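Presented below is the structure to which this report refers.
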Amino acid sequence: MVPDSIRFMTAHFATARLTRHPDGITAVDTEYIRPGLAAAHIIQHGGAAAFVDVGTNYSVPHLRAALQELRIEPAAVEYVFVTHVHLDHAGGAGLLLQSLPNARLVVHPRGAPHLIDPAKLIAASQVVYGEERYRELYGELLPVDASRVLTSTDEQTLTLRGRPLQLLHTPGHALHHYCVVDLAHRNLFTGDTFGLSYREMDTAQGAFGVPTTTPTQFDPEQLVASIERLMATDPKAAYLMHYSRVTGLPAMAASLKAQIPQLASLALRHAADADPYASIYAQMRALWIELAGRHGLADPAASVDEYLAKDIDLNTQGLIAWLQRQRR
Ligand SMILES: [Zn+2]
């Protein structure tokens, strides 16, 4: 656990790894596990600002440094959107809100109770990560005051100084997931709904994307439907938490929509194996190596093992949780 005094010092000396994008959008590396793994986004418009996803408690000093670097007063931040309450996206929300006096936290109604009283969220995350690793990754979750929470409704439009930001409920990765559609600029902020795509795996063919089937609410049909719903907005760019801006969205959407049923069926095929985890892990790794090779990566096995091993692990756990739900 990090005492407050140390947190403060960290805040004072923290730096922010920023990437500027068009339309007043900046990616801030949340420094989760490794650089290039997770990005929070800041939208600036008309002197106001909003965050989309925030990272963990340990990300907060970097987010504060980003505001300083961008010359945004903390009081000018009007919204903190959290696409869903998985801790790599929302774990730092309670701490961040303490330094944003005017911001409201926008969260799906099924996710809101878990940020107001994080006990269940902590317990569920400890099941996935183990208690020790959980503490290292996420620290002490601070509850969010209920009066600062704005629960999302599907197709609701909020405005940031006149810039319309529409919320679409997008189950499939998590039941309580929404995405933000930047209507005027045709940008999407997709959390984990539009998969993962690390910039280290970009090739001349563009971004290489894979779906996330993380525990505990993966649903293949819902996830495909949510991707179709996002694509129906005719987006030009998507901002993923893992990792930031991708374009060429129709090709990536097609690939995600092909992979989702493939992952579900390989899980079903290996459900009765002696060690389903080992077989599902090996099959997913083989599928991604094949796809990465076709995408033009020079050493697809090395890239998959370097950048996607953690995701294969989480996806395998999520597929096993999905198999168990099917049986009930
Ligand atoms: Zn997630």
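So you can find residues: chains in the structure tokens are A, B, ... in the order shown, residues in each start at 1, and ligands are numbered from 1 in order.
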Please return, as a CSV table (one decimal) with N, CA and C atoms, in the first residue's frame, all residues of range 71-260 of chain A that DSSP assigns to strand (DSSP E) on the basis of the backbone.
chain,number,residue,atom,x,y,z
A,77,VAL,N,-12.1,20.4,-15.9
A,77,VAL,CA,-12.5,19.0,-16.3
A,77,VAL,C,-13.9,18.8,-15.9
A,78,GLU,N,-14.8,18.6,-16.9
A,78,GLU,CA,-16.2,18.5,-16.6
A,78,GLU,C,-16.7,17.0,-16.5
A,79,TYR,N,-16.1,16.1,-17.2
A,79,TYR,CA,-16.5,14.7,-17.1
A,79,TYR,C,-15.3,13.8,-17.0
A,80,VAL,N,-15.5,12.7,-16.2
A,80,VAL,CA,-14.6,11.6,-16.3
A,80,VAL,C,-15.5,10.4,-16.7
A,81,PHE,N,-15.3,10.0,-18.0
A,81,PHE,CA,-16.0,8.9,-18.5
A,81,PHE,C,-15.2,7.6,-18.2
A,104,ARG,N,-17.8,15.3,-13.1
A,104,ARG,CA,-18.8,14.2,-12.8
A,104,ARG,C,-18.3,12.9,-13.4
A,105,LEU,N,-18.4,11.8,-12.7
A,105,LEU,CA,-18.0,10.5,-13.1
A,105,LEU,C,-19.2,9.9,-13.9
A,106,VAL,N,-19.0,9.6,-15.1
A,106,VAL,CA,-20.0,9.0,-15.9
A,106,VAL,C,-19.8,7.5,-16.1
A,107,VAL,N,-20.7,6.7,-15.6
A,107,VAL,CA,-20.5,5.3,-15.5
A,107,VAL,C,-21.9,4.6,-15.7
A,149,VAL,N,-21.7,11.0,-9.2
A,149,VAL,CA,-21.8,10.0,-10.2
A,149,VAL,C,-23.0,10.3,-11.1
A,150,LEU,N,-22.8,10.2,-12.4
A,150,LEU,CA,-23.9,10.4,-13.4
A,150,LEU,C,-24.0,9.0,-14.1
A,151,THR,N,-25.1,8.3,-14.0
A,151,THR,CA,-25.2,7.0,-14.6
A,151,THR,C,-25.6,7.2,-16.1
A,157,THR,N,-26.8,11.8,-25.0
A,157,THR,CA,-25.8,12.7,-25.5
A,157,THR,C,-25.5,13.7,-24.4
A,158,LEU,N,-24.2,13.8,-24.0
A,158,LEU,CA,-23.8,14.9,-23.1
A,158,LEU,C,-23.0,15.8,-24.0
A,159,THR,N,-22.8,17.1,-23.6
A,159,THR,CA,-22.1,18.0,-24.4
A,159,THR,C,-20.9,18.6,-23.6
A,160,LEU,N,-19.8,18.7,-24.2
A,160,LEU,CA,-18.6,19.3,-23.6
A,160,LEU,C,-18.5,20.7,-24.3
A,163,ARG,N,-19.9,20.4,-27.7
A,163,ARG,CA,-19.4,19.2,-28.5
A,163,ARG,C,-20.2,18.0,-28.0
A,164,PRO,N,-21.0,17.4,-28.9
A,164,PRO,CA,-21.8,16.3,-28.5
A,164,PRO,C,-21.1,15.0,-28.4
A,165,LEU,N,-21.2,14.3,-27.2
A,165,LEU,CA,-20.6,13.1,-27.0
A,165,LEU,C,-21.7,12.1,-26.6
A,166,GLN,N,-21.9,11.1,-27.5
A,166,GLN,CA,-23.0,10.2,-27.3
A,166,GLN,C,-22.5,8.9,-26.7
A,167,LEU,N,-23.3,8.4,-25.8
A,167,LEU,CA,-22.9,7.1,-25.1
A,167,LEU,C,-23.8,6.0,-25.6
A,168,LEU,N,-23.1,4.9,-26.1
A,168,LEU,CA,-23.8,3.7,-26.5
A,168,LEU,C,-23.4,2.6,-25.6
A,169,HIS,N,-24.4,1.9,-25.1
A,169,HIS,CA,-24.2,0.8,-24.3
A,169,HIS,C,-23.8,-0.4,-25.2
A,178,TYR,N,-19.9,0.9,-21.8
A,178,TYR,CA,-20.5,1.8,-22.9
A,178,TYR,C,-19.3,2.4,-23.6
A,179,CYS,N,-19.5,2.9,-24.8
A,179,CYS,CA,-18.5,3.6,-25.6
A,179,CYS,C,-19.0,5.0,-25.8
A,180,VAL,N,-18.0,5.9,-26.1
A,180,VAL,CA,-18.3,7.3,-26.3
A,180,VAL,C,-18.1,7.6,-27.8
A,181,VAL,N,-19.2,8.2,-28.4
A,181,VAL,CA,-19.1,8.6,-29.8
A,181,VAL,C,-19.0,10.1,-29.9
A,182,ASP,N,-17.9,10.5,-30.5
A,182,ASP,CA,-17.6,12.0,-30.7
A,182,ASP,C,-18.2,12.3,-32.0
A,187,ASN,N,-15.2,10.2,-34.1
A,187,ASN,CA,-14.3,9.4,-33.3
A,187,ASN,C,-15.0,8.5,-32.4
A,188,LEU,N,-14.5,7.3,-32.1
A,188,LEU,CA,-15.0,6.5,-31.1
A,188,LEU,C,-14.0,6.3,-29.9
A,189,PHE,N,-14.5,6.3,-28.7
A,189,PHE,CA,-13.7,5.9,-27.6
A,189,PHE,C,-14.3,4.6,-27.1
A,190,THR,N,-13.5,3.5,-27.3
A,190,THR,CA,-14.1,2.2,-27.3
A,190,THR,C,-13.8,1.3,-26.0
A,191,GLY,N,-13.0,1.9,-25.1
A,191,GLY,CA,-12.7,1.0,-23.9
A,191,GLY,C,-12.1,-0.3,-24.4
A,237,ALA,N,-12.0,7.1,-36.8
A,237,ALA,CA,-10.9,6.6,-35.9
A,237,ALA,C,-11.5,6.1,-34.6
A,238,ALA,N,-10.8,5.1,-34.0
A,238,ALA,CA,-11.2,4.6,-32.7
A,238,ALA,C,-10.1,4.8,-31.8
A,239,TYR,N,-10.4,5.2,-30.5
A,239,TYR,CA,-9.4,5.3,-29.5
A,239,TYR,C,-9.6,4.2,-28.5
A,240,LEU,N,-8.7,3.2,-28.5
A,240,LEU,CA,-8.8,2.0,-27.6
A,240,LEU,C,-8.0,2.3,-26.3
A,244,SER,N,-4.7,3.1,-27.8
A,244,SER,CA,-5.0,4.4,-28.4
A,244,SER,C,-5.5,4.3,-29.9
A,245,ARG,N,-5.0,5.2,-30.7
A,245,ARG,CA,-5.7,5.5,-32.0
A,245,ARG,C,-5.5,4.5,-33.1
A,246,VAL,N,-6.6,4.0,-33.6
A,246,VAL,CA,-6.5,3.1,-34.8
A,246,VAL,C,-7.5,3.7,-35.9
Distance table requested - chain A against ligand 1, cut-off 9 Å, only C-alpha atoms and all ligand atoms: one row per qualifying residue with the closest atom pair and its distance in Å to one decimal, ordered by chain and rising residue number, as CSV.
residue,atom,partner,partner_atom_place_in_ligand_line,distance
A:Thr83,CA,ligand 1,1 (Zn),8.6
A:His84,CA,ligand 1,1 (Zn),6.7
A:Val85,CA,ligand 1,1 (Zn),7.5
A:His86,CA,ligand 1,1 (Zn),5.0
A:Leu87,CA,ligand 1,1 (Zn),7.8
A:Asp88,CA,ligand 1,1 (Zn),7.3
A:His89,CA,ligand 1,1 (Zn),7.1
A:His173,CA,ligand 1,1 (Zn),6.6
A:Ala174,CA,ligand 1,1 (Zn),6.9
A:His177,CA,ligand 1,1 (Zn),8.4
A:Gly191,CA,ligand 1,1 (Zn),7.1
A:Asp192,CA,ligand 1,1 (Zn),5.3
A:Thr193,CA,ligand 1,1 (Zn),8.1
A:Thr212,CA,ligand 1,1 (Zn),7.6
A:Thr213,CA,ligand 1,1 (Zn),8.6
A:Thr214,CA,ligand 1,1 (Zn),6.5
A:Pro215,CA,ligand 1,1 (Zn),8.4
Based on the backbone DSSP call, show me all residues of range 127-268 of chain A assigned alpha helix (DSSP H), as an mmCIF file with N, CA and C atoms, in the first residue's frame.
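Dumped everything to result-v6.cif:
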data_model
loop_
_atom_site.group_PDB
_atom_site.id
_atom_site.type_symbol
_atom_site.label_atom_id
_atom_site.label_comp_id
_atom_site.auth_asym_id
_atom_site.auth_seq_id
_atom_site.Cartn_x
_atom_site.Cartn_y
_atom_site.Cartn_z
ATOM 1 N N VAL A 127 -9.650 -12.399 -7.361
ATOM 2 C CA VAL A 127 -9.816 -13.753 -7.903
ATOM 3 C C VAL A 127 -9.040 -13.882 -9.215
ATOM 4 N N VAL A 128 -9.112 -12.856 -10.050
ATOM 5 C CA VAL A 128 -8.437 -12.908 -11.356
ATOM 6 C C VAL A 128 -6.914 -12.800 -11.189
ATOM 7 N N TYR A 129 -6.461 -11.875 -10.342
ATOM 8 C CA TYR A 129 -5.027 -11.556 -10.301
ATOM 9 C C TYR A 129 -4.278 -12.183 -9.134
ATOM 10 N N GLU A 131 -4.105 -11.993 -4.686
ATOM 11 C CA GLU A 131 -4.138 -10.831 -3.800
ATOM 12 C C GLU A 131 -2.881 -9.955 -3.913
ATOM 13 N N GLU A 132 -1.720 -10.608 -3.984
ATOM 14 C CA GLU A 132 -0.474 -9.851 -3.972
ATOM 15 C C GLU A 132 -0.312 -9.032 -5.258
ATOM 16 N N ARG A 133 -0.527 -9.696 -6.390
ATOM 17 C CA ARG A 133 -0.420 -9.031 -7.692
ATOM 18 C C ARG A 133 -1.464 -7.911 -7.795
ATOM 19 N N TYR A 134 -2.648 -8.175 -7.238
ATOM 20 C CA TYR A 134 -3.709 -7.172 -7.228
ATOM 21 C C TYR A 134 -3.231 -5.879 -6.563
ATOM 22 N N ARG A 135 -2.578 -6.024 -5.387
ATOM 23 C CA ARG A 135 -2.101 -4.833 -4.657
ATOM 24 C C ARG A 135 -1.037 -4.084 -5.459
ATOM 25 N N GLU A 136 -0.126 -4.860 -6.059
ATOM 26 C CA GLU A 136 0.934 -4.252 -6.873
ATOM 27 C C GLU A 136 0.355 -3.454 -8.040
ATOM 28 N N LEU A 137 -0.699 -4.019 -8.650
ATOM 29 C CA LEU A 137 -1.246 -3.394 -9.858
ATOM 30 C C LEU A 137 -2.183 -2.233 -9.538
ATOM 31 N N TYR A 138 -2.961 -2.374 -8.454
ATOM 32 C CA TYR A 138 -4.082 -1.445 -8.280
ATOM 33 C C TYR A 138 -4.072 -0.633 -6.985
ATOM 34 N N PRO A 220 -20.054 -13.710 -26.779
ATOM 35 C CA PRO A 220 -19.659 -13.532 -28.179
ATOM 36 C C PRO A 220 -20.713 -12.842 -29.042
ATOM 37 N N GLU A 221 -21.982 -13.245 -28.884
ATOM 38 C CA GLU A 221 -23.019 -12.614 -29.735
ATOM 39 C C GLU A 221 -23.146 -11.126 -29.411
ATOM 40 N N GLN A 222 -23.149 -10.810 -28.113
ATOM 41 C CA GLN A 222 -23.271 -9.399 -27.724
ATOM 42 C C GLN A 222 -22.082 -8.590 -28.230
ATOM 43 N N LEU A 223 -20.891 -9.185 -28.169
ATOM 44 C CA LEU A 223 -19.697 -8.436 -28.567
ATOM 45 C C LEU A 223 -19.724 -8.136 -30.068
ATOM 46 N N VAL A 224 -20.104 -9.119 -30.874
ATOM 47 C CA VAL A 224 -20.213 -8.888 -32.325
ATOM 48 C C VAL A 224 -21.263 -7.809 -32.598
ATOM 49 N N ALA A 225 -22.405 -7.902 -31.922
ATOM 50 C CA ALA A 225 -23.472 -6.907 -32.135
ATOM 51 C C ALA A 225 -22.997 -5.505 -31.735
ATOM 52 N N SER A 226 -22.222 -5.412 -30.658
ATOM 53 C CA SER A 226 -21.734 -4.103 -30.214
ATOM 54 C C SER A 226 -20.752 -3.510 -31.224
ATOM 55 N N ILE A 227 -19.891 -4.356 -31.798
ATOM 56 C CA ILE A 227 -18.952 -3.867 -32.813
ATOM 57 C C ILE A 227 -19.725 -3.361 -34.038
ATOM 58 N N GLU A 228 -20.763 -4.104 -34.415
ATOM 59 C CA GLU A 228 -21.580 -3.648 -35.552
ATOM 60 C C GLU A 228 -22.256 -2.319 -35.245
ATOM 61 N N ARG A 229 -22.695 -2.179 -34.020
ATOM 62 C CA ARG A 229 -23.363 -0.941 -33.623
ATOM 63 C C ARG A 229 -22.393 0.245 -33.674
ATOM 64 N N LEU A 230 -21.165 0.024 -33.237
ATOM 65 C CA LEU A 230 -20.153 1.082 -33.304
ATOM 66 C C LEU A 230 -19.859 1.444 -34.754
ATOM 67 N N MET A 231 -19.727 0.434 -35.608
ATOM 68 C CA MET A 231 -19.391 0.691 -37.008
ATOM 69 C C MET A 231 -20.533 1.412 -37.734
ATOM 70 N N LEU A 249 -10.875 1.252 -39.858
ATOM 71 C CA LEU A 249 -11.744 0.506 -38.942
ATOM 72 C C LEU A 249 -12.535 -0.624 -39.596
ATOM 73 N N PRO A 250 -12.993 -0.481 -40.856
ATOM 74 C CA PRO A 250 -13.759 -1.606 -41.420
ATOM 75 C C PRO A 250 -12.961 -2.913 -41.454
ATOM 76 N N ALA A 251 -11.676 -2.841 -41.807
ATOM 77 C CA ALA A 251 -10.860 -4.064 -41.856
ATOM 78 C C ALA A 251 -10.673 -4.639 -40.458
ATOM 79 N N MET A 252 -10.428 -3.772 -39.484
ATOM 80 C CA MET A 252 -10.225 -4.279 -38.129
ATOM 81 C C MET A 252 -11.527 -4.859 -37.571
ATOM 82 N N ALA A 253 -12.648 -4.192 -37.856
ATOM 83 C CA ALA A 253 -13.947 -4.710 -37.386
ATOM 84 C C ALA A 253 -14.204 -6.096 -37.970
ATOM 85 N N ALA A 254 -13.898 -6.258 -39.266
ATOM 86 C CA ALA A 254 -14.126 -7.556 -39.917
ATOM 87 C C ALA A 254 -13.273 -8.631 -39.253
ATOM 88 N N SER A 255 -12.025 -8.301 -38.953
ATOM 89 C CA SER A 255 -11.145 -9.270 -38.313
ATOM 90 C C SER A 255 -11.644 -9.632 -36.907
ATOM 91 N N LEU A 256 -12.059 -8.626 -36.128
ATOM 92 C CA LEU A 256 -12.571 -8.908 -34.777
ATOM 93 C C LEU A 256 -13.812 -9.790 -34.848
ATOM 94 N N LYS A 257 -14.705 -9.466 -35.819
ATOM 95 C CA LYS A 257 -15.960 -10.226 -35.925
ATOM 96 C C LYS A 257 -15.709 -11.658 -36.380
ATOM 97 N N ALA A 258 -14.610 -11.880 -37.100
ATOM 98 C CA ALA A 258 -14.249 -13.262 -37.477
ATOM 99 C C ALA A 258 -13.628 -13.992 -36.286
ATOM 100 N N GLN A 259 -12.792 -13.288 -35.522
ATOM 101 C CA GLN A 259 -12.077 -13.958 -34.422
ATOM 102 C C GLN A 259 -12.973 -14.316 -33.240
ATOM 103 N N ILE A 260 -13.991 -13.485 -32.967
ATOM 104 C CA ILE A 260 -14.799 -13.715 -31.755
ATOM 105 C C ILE A 260 -15.447 -15.108 -31.773
ATOM 106 N N PRO A 261 -16.160 -15.485 -32.874
ATOM 107 C CA PRO A 261 -16.709 -16.853 -32.880
ATOM 108 C C PRO A 261 -15.623 -17.934 -32.933
ATOM 109 N N GLN A 262 -14.469 -17.615 -33.522
ATOM 110 C CA GLN A 262 -13.371 -18.602 -33.528
ATOM 111 C C GLN A 262 -12.896 -18.882 -32.111
ATOM 112 N N LEU A 263 -12.743 -17.819 -31.309
ATOM 113 C CA LEU A 263 -12.296 -18.006 -29.922
ATOM 114 C C LEU A 263 -13.344 -18.771 -29.120
ATOM 115 N N ALA A 264 -14.628 -18.426 -29.349
ATOM 116 C CA ALA A 264 -15.690 -19.134 -28.625
ATOM 117 C C ALA A 264 -15.691 -20.612 -29.008
ATOM 118 N N SER A 265 -15.526 -20.917 -30.300
ATOM 119 C CA SER A 265 -15.618 -22.327 -30.682
ATOM 120 C C SER A 265 -14.368 -23.099 -30.272
ATOM 121 N N LEU A 266 -13.201 -22.456 -30.261
ATOM 122 C CA LEU A 266 -12.046 -23.217 -29.774
ATOM 123 C C LEU A 266 -12.172 -23.501 -28.273
ATOM 124 N N ALA A 267 -12.803 -22.587 -27.545
ATOM 125 C CA ALA A 267 -13.042 -22.852 -26.118
ATOM 126 C C ALA A 267 -13.995 -24.035 -25.949
ATOM 127 N N LEU A 268 -15.064 -24.046 -26.758
ATOM 128 C CA LEU A 268 -16.029 -25.156 -26.671
ATOM 129 C C LEU A 268 -15.371 -26.488 -27.018
#
Top pick for closest residue to Arg71 in chain A, considering A:Gly47, A:Gly296, A:Gly318, A:Gly91 and counting only C-alpha atoms: A:Gly47
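If you count only C-alpha atoms and ignore residues fewer than 6 places along the chain from Glu69 in chain A, what sits within 10 Å of it is Thr15, Ala16, Leu18 and Leu63 of chain A.
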Within 9 Å of Thr30 in chain A using only C-alpha atoms, minus same-chain residues under 2 positions, as a list in words: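 Once the adjacent positions are removed, what remains is Ala16, Arg17, Val28, Tyr32, Ile33, Arg34, Pro35, Gly36, Leu37, Ala38, Ala39, Ala40, Val54, Gly55, Thr56, Tyr58, Ser59, Val60, His62, Leu63 and Asp88 of chain A.
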Who sits within 6 Å of Ala75 in chain A, only C-alpha atoms, same chain under 4 positions skipped, as a list in words: Leu100, Pro101 and Asn102 of chain A
Saved selection, atoms kept: N, CA and C atoms, as an mmCIF file, in the first residue's frame:
data_model
loop_
_atom_site.group_PDB
_atom_site.id
_atom_site.type_symbol
_atom_site.label_atom_id
_atom_site.label_comp_id
_atom_site.auth_asym_id
_atom_site.auth_seq_id
_atom_site.Cartn_x
_atom_site.Cartn_y
_atom_site.Cartn_z
ATOM 1 N N LEU A 100 -10.286 16.924 -9.016
ATOM 2 C CA LEU A 100 -11.066 17.547 -10.090
ATOM 3 C C LEU A 100 -12.384 18.052 -9.493
ATOM 4 N N PRO A 101 -12.414 19.295 -8.993
ATOM 5 C CA PRO A 101 -13.555 19.723 -8.177
ATOM 6 C C PRO A 101 -14.891 19.758 -8.916
ATOM 7 N N ASN A 102 -14.850 19.929 -10.246
ATOM 8 C CA ASN A 102 -16.119 20.080 -10.971
ATOM 9 C C ASN A 102 -16.497 18.889 -11.832
#
CA of Leu95 in chain A to CA of Gly24 in chain A, distance in Å rounded to a single decimal: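 These atoms are spaced 24.7 Å apart.
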d(CA of His108 in chain A, CA of Ser152 in chain A) in Å: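 If I compute the distance from CA of His108 in chain A to CA of Ser152 in chain A, I get 4.9 Å.
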